[in-house]
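Report on the structure given below.
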Amino acid sequence: MQIEETTYQGWAGCYRLTNGSIELIITGSFGPRIIRFGLAGSHNEFVELDETLGRVGTDEWHLYGGHRFWHAPEHSVRTYQPDNQPVQVEPYADYVHIVQPVETATGIQKEIDIYPHPDAAQVTIVHRLRNRNLWAVELAPWALSVMAPGGRAITPLPPRAGHSPDRLLPTNTLSMWSYTDMSDPRWTWGRQHIMLEQTAAAPQKIGVLNSEGWLAHARDGHLFVKTFTYQPGATYPDMGCSVQLFTNSVMLELETLGPLVRLAPGAYVEHVERWYLFDGVPTPQTEADIEAHVLPAVRQALDGA
């Protein structure tokens, strides 16, 4: 891993990480935030918003873009705590540790550890929430990758099977918000997968009990896959969501969530994602395309590539 301090898009105090295959840029002036992730020498898989480039230090929460870290369930106060202050970035031999100041309104402290693979287009992201309060707090870790416009998100459903006397109970949930419109043409409702396309249109969102442990995003010949561990029997936020997909007119979010926990004072909870980036993968239009082009890469990721 190579790391250097740099200025990026008007933000001083950023850190560039590369292993020769991939490049990540961490913001030091606000966060924790991974503002860039991509193949070395190629485009950013994450969105960058022109109106916030170089901006820091305000009292309002800003989308910025990139990959961010929240705690669920979503709430107008606790979720949208501004992350506009400098973070502590600590480089080590094989990883980088990022620590945010304790959130004044919640008493929660966010940390992210980044472990790039020695040479492949892979990276492990460890998200950590610490309870700095004097009382317990119920929450769930929530990792959100804000993808550049023009792509398609893919989430699997639990394995499908035919009707039979031994299959009488449901296998998964599908959560919808007041603005979810199942007739919107950006949705593709397949038998085994759901796809969501990003266009310049109104917001859409769903949550899914994804027990398969992966999400993907296809755009411009690249396939971004992130894997996570699903915990059977655990209670997940938002009526049982382990993943959520959200889009609006400028971006698309791939979100994974951990189970709800009651975090004691001084305790912490971790949520781990592993990212993989593949080149030469066409954007799927149908479920047959997913089978042909996406699933071979996903299988590599689930096998550890």
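Identifiers in the structure tokens: chain A, B, ... in order shown; residue index from 1 per chain; ligand index from 1 in order shown.
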DSSP-assigned strand (DSSP E or B) among region 102-243 of chain A, expressed as a VMD selection string:
chain A and resid 108 to 116 122 to 131 137 to 147 152 to 156 174 to 176 187 to 189 193 to 197 204 to 208 214 to 219 222 to 227 243
Taking 3 positions as the minimum chain separation for residues in the same chain, which residues sit within 7 Å of Thr6 (chain A) when counting only C-alpha atoms? Answer as a list of chain:residue names.
A:Ala12, A:Gly13, A:Cys14, A:Tyr15, A:Arg16
Can you pull out the residues contacting Ala216 (chain A)? Cut-off 7 Å, using only C-alpha atoms, and skip same-chain residues under 5 positions away; I want them as a PyMOL selection string.
chain A and resi 153-155+223-226
Counting only C-alpha atoms, which of A:Gly151, A:Gly31, A:Pro82, A:Gly54 gets nearest to Gln285 (chain A)?
A:Gly151
Just want the 12 Å neighbourhood of Ala93 (chain A), counted on only C-alpha atoms, with same-chain residues fewer than 6 positions away dropped. Output as a list in words.
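With the cut-off at 12 Å, the set is Met1, Gln2, Ile3, Leu17, Ile114, Tyr115, Pro116 and Pro118 of chain A.
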Mind the document's chain letters and residue numbers, and return as a PyMOL selection string the residues of region 50-267 of chain A that DSSP labels alpha helix (DSSP H).
chain A and resi 237-240
Using only C-alpha atoms, find the one residue out of A:Pro259, A:Pro149, A:Gly107, A:Gly41 that sits nearest to Asn133 (chain A).
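Going through A:Pro259, A:Pro149, A:Gly107, A:Gly41 one by one, the smallest distance to Asn133 (chain A) is for A:Gly107.
Excluding Pro86 (chain A) itself and any same-chain residue fewer than 5 positions from it, the protein and nucleic acid residues within 10 Å of it, counting only C-alpha atoms, are Gly13, Thr27, Gly28, Ser29, Phe30, Gly31, Pro32, Val56, Gly57, Val99, Gln100 and Pro101 of chain A.
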Let me see the file: selected residues, N, CA and C atoms, as a PDB file, in the first residue's frame.
ATOM      1  N   GLY A  13      -5.487  18.379   2.808  1.00  0.00           N
ATOM      2  CA  GLY A  13      -5.399  17.387   3.871  1.00  0.00           C
ATOM      3  C   GLY A  13      -6.066  16.071   3.555  1.00  0.00           C
ATOM      4  N   THR A  27     -10.913  11.960   2.859  1.00  0.00           N
ATOM      5  CA  THR A  27     -10.885  13.371   3.243  1.00  0.00           C
ATOM      6  C   THR A  27     -10.437  13.499   4.690  1.00  0.00           C
ATOM      7  N   GLY A  28      -9.521  14.425   4.940  1.00  0.00           N
ATOM      8  CA  GLY A  28      -9.081  14.683   6.303  1.00  0.00           C
ATOM      9  C   GLY A  28      -9.749  15.884   6.933  1.00  0.00           C
ATOM     10  N   SER A  29     -10.295  16.781   6.110  1.00  0.00           N
ATOM     11  CA  SER A  29     -10.914  17.997   6.622  1.00  0.00           C
ATOM     12  C   SER A  29     -12.368  17.801   7.036  1.00  0.00           C
ATOM     13  N   PHE A  30     -12.950  16.657   6.724  1.00  0.00           N
ATOM     14  CA  PHE A  30     -14.302  16.301   7.180  1.00  0.00           C
ATOM     15  C   PHE A  30     -14.428  14.788   7.036  1.00  0.00           C
ATOM     16  N   GLY A  31     -15.476  14.242   7.643  1.00  0.00           N
ATOM     17  CA  GLY A  31     -15.689  12.815   7.490  1.00  0.00           C
ATOM     18  C   GLY A  31     -16.128  12.142   8.778  1.00  0.00           C
ATOM     19  N   PRO A  32     -15.974  10.799   8.868  1.00  0.00           N
ATOM     20  CA  PRO A  32     -15.152   9.976   7.970  1.00  0.00           C
ATOM     21  C   PRO A  32     -15.822   9.778   6.614  1.00  0.00           C
ATOM     22  N   VAL A  56     -16.007  23.004   3.444  1.00  0.00           N
ATOM     23  CA  VAL A  56     -15.875  22.399   4.768  1.00  0.00           C
ATOM     24  C   VAL A  56     -16.333  23.414   5.811  1.00  0.00           C
ATOM     25  N   GLY A  57     -16.579  22.928   7.035  1.00  0.00           N
ATOM     26  CA  GLY A  57     -16.718  23.794   8.199  1.00  0.00           C
ATOM     27  C   GLY A  57     -18.052  24.469   8.398  1.00  0.00           C
ATOM     28  N   VAL A  99     -10.753   8.414  12.545  1.00  0.00           N
ATOM     29  CA  VAL A  99     -11.569   8.624  13.740  1.00  0.00           C
ATOM     30  C   VAL A  99     -12.230   9.992  13.645  1.00  0.00           C
ATOM     31  N   GLN A 100     -13.541  10.023  13.826  1.00  0.00           N
ATOM     32  CA  GLN A 100     -14.306  11.263  13.861  1.00  0.00           C
ATOM     33  C   GLN A 100     -14.442  11.739  15.304  1.00  0.00           C
ATOM     34  N   PRO A 101     -14.452  13.052  15.551  1.00  0.00           N
ATOM     35  CA  PRO A 101     -14.792  13.525  16.903  1.00  0.00           C
ATOM     36  C   PRO A 101     -16.162  13.010  17.320  1.00  0.00           C
TER      37      PRO A 101
END
Quick one: contact table of region 231-293 of chain A to region 170-182 of chain A, 12 Å max, nearest atom pair and distance in Å to one decimal per residue, counting only C-alpha atoms, chain and number order, as CSV?
residue,atom,partner,partner_atom,distance
A:Pro232,CA,A:Asn172,CA,11.2
A:Gly233,CA,A:Asn172,CA,11.7
A:Tyr236,CA,A:Thr173,CA,10.9
A:Pro237,CA,A:Ser175,CA,10.2
A:Asp238,CA,A:Ser175,CA,7.1
A:Met239,CA,A:Ser175,CA,6.5
A:Gly240,CA,A:Thr173,CA,6.6
A:Cys241,CA,A:Ser175,CA,7.2
A:Ser242,CA,A:Thr173,CA,10.0
A:Val243,CA,A:Ser175,CA,10.1
A:Gln244,CA,A:Ser175,CA,8.8
A:Leu245,CA,A:Met176,CA,10.5
A:Phe246,CA,A:Thr180,CA,9.8
A:Thr247,CA,A:Thr180,CA,10.6
A:Asn248,CA,A:Tyr179,CA,11.3
Enter the distance from CA of Arg130 (chain A) to CA of Glu48 (chain A), in Å, rounded to one decimal.
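Answer for the CA of Arg130 (chain A) to CA of Glu48 (chain A) separation: 28.4 Å.
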For a quick check of understanding, using only C-alpha atoms, which of A:Asp220, A:Glu287, A:Asp166, A:Glu138 has the smallest distance to Leu263 (chain A)?
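Looking at the shortest contact to Leu263 (chain A), the residue is A:Glu138.
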What gap, in Å, lies between CA of Glu270 (chain A) and CA of Pro141 (chain A)?
7.3 Å
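Here the question is which of A:Arg152, A:His75, A:His67, A:His43 gets nearest to Met195 (chain A) using only C-alpha atoms, and that residue is A:Arg152.
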Selected residue, from A:Gly20, A:Ile98, A:Ile194, A:Glu5, that lies nearest to Arg33 (chain A) when counting only C-alpha atoms
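Looking at the shortest contact to Arg33 (chain A), the residue is A:Ile98.
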Just the residues within 12 Å of Thr18 (chain A), please, counting only C-alpha atoms, with nothing from its chain fewer than 5 positions along; format it as a list in words.
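Returned residues: Met1, Gln2, Ile3, Glu4, Glu23, Leu24, Ile25, Ile26, Arg36, Phe37, Gly38, Leu39, Ala40, Gly41, Asp94, Tyr95, Val96, Ile114, Tyr115, Pro116, His117, Pro118, Asp119, Ala120, Ala121, Gln122 and Val123 of chain A.
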Would you list the contacts of Pro282 (chain A) as a ChimeraX atom specification, taking every protein, DNA or RNA residue within 8 Å and counting only C-alpha atoms, but skipping same-chain residues closer than 4 positions in sequence?
/A:218-222,293
Saved selection, atoms kept: C-alpha atoms, as a compact mmCIF listing (two decimals), in the first residue's frame:
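Result saved to again36.txt:
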# COMPACT_ATOMS: atom_id res chain seq x y z
CA ALA A 218 -22.77 -1.57 -12.84
CA ARG A 219 -21.71 1.49 -14.81
CA ASP A 220 -19.50 2.24 -17.84
CA GLY A 221 -18.11 -1.30 -18.06
CA HIS A 222 -17.19 -1.51 -14.37
CA HIS A 293 -22.21 -11.14 -16.58
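Distances to Gln192 (chain A) were evaluated for A:Thr106, A:Asn210, A:Asn131, A:Gln9 using only C-alpha atoms, and the minimum falls at A:Asn210.
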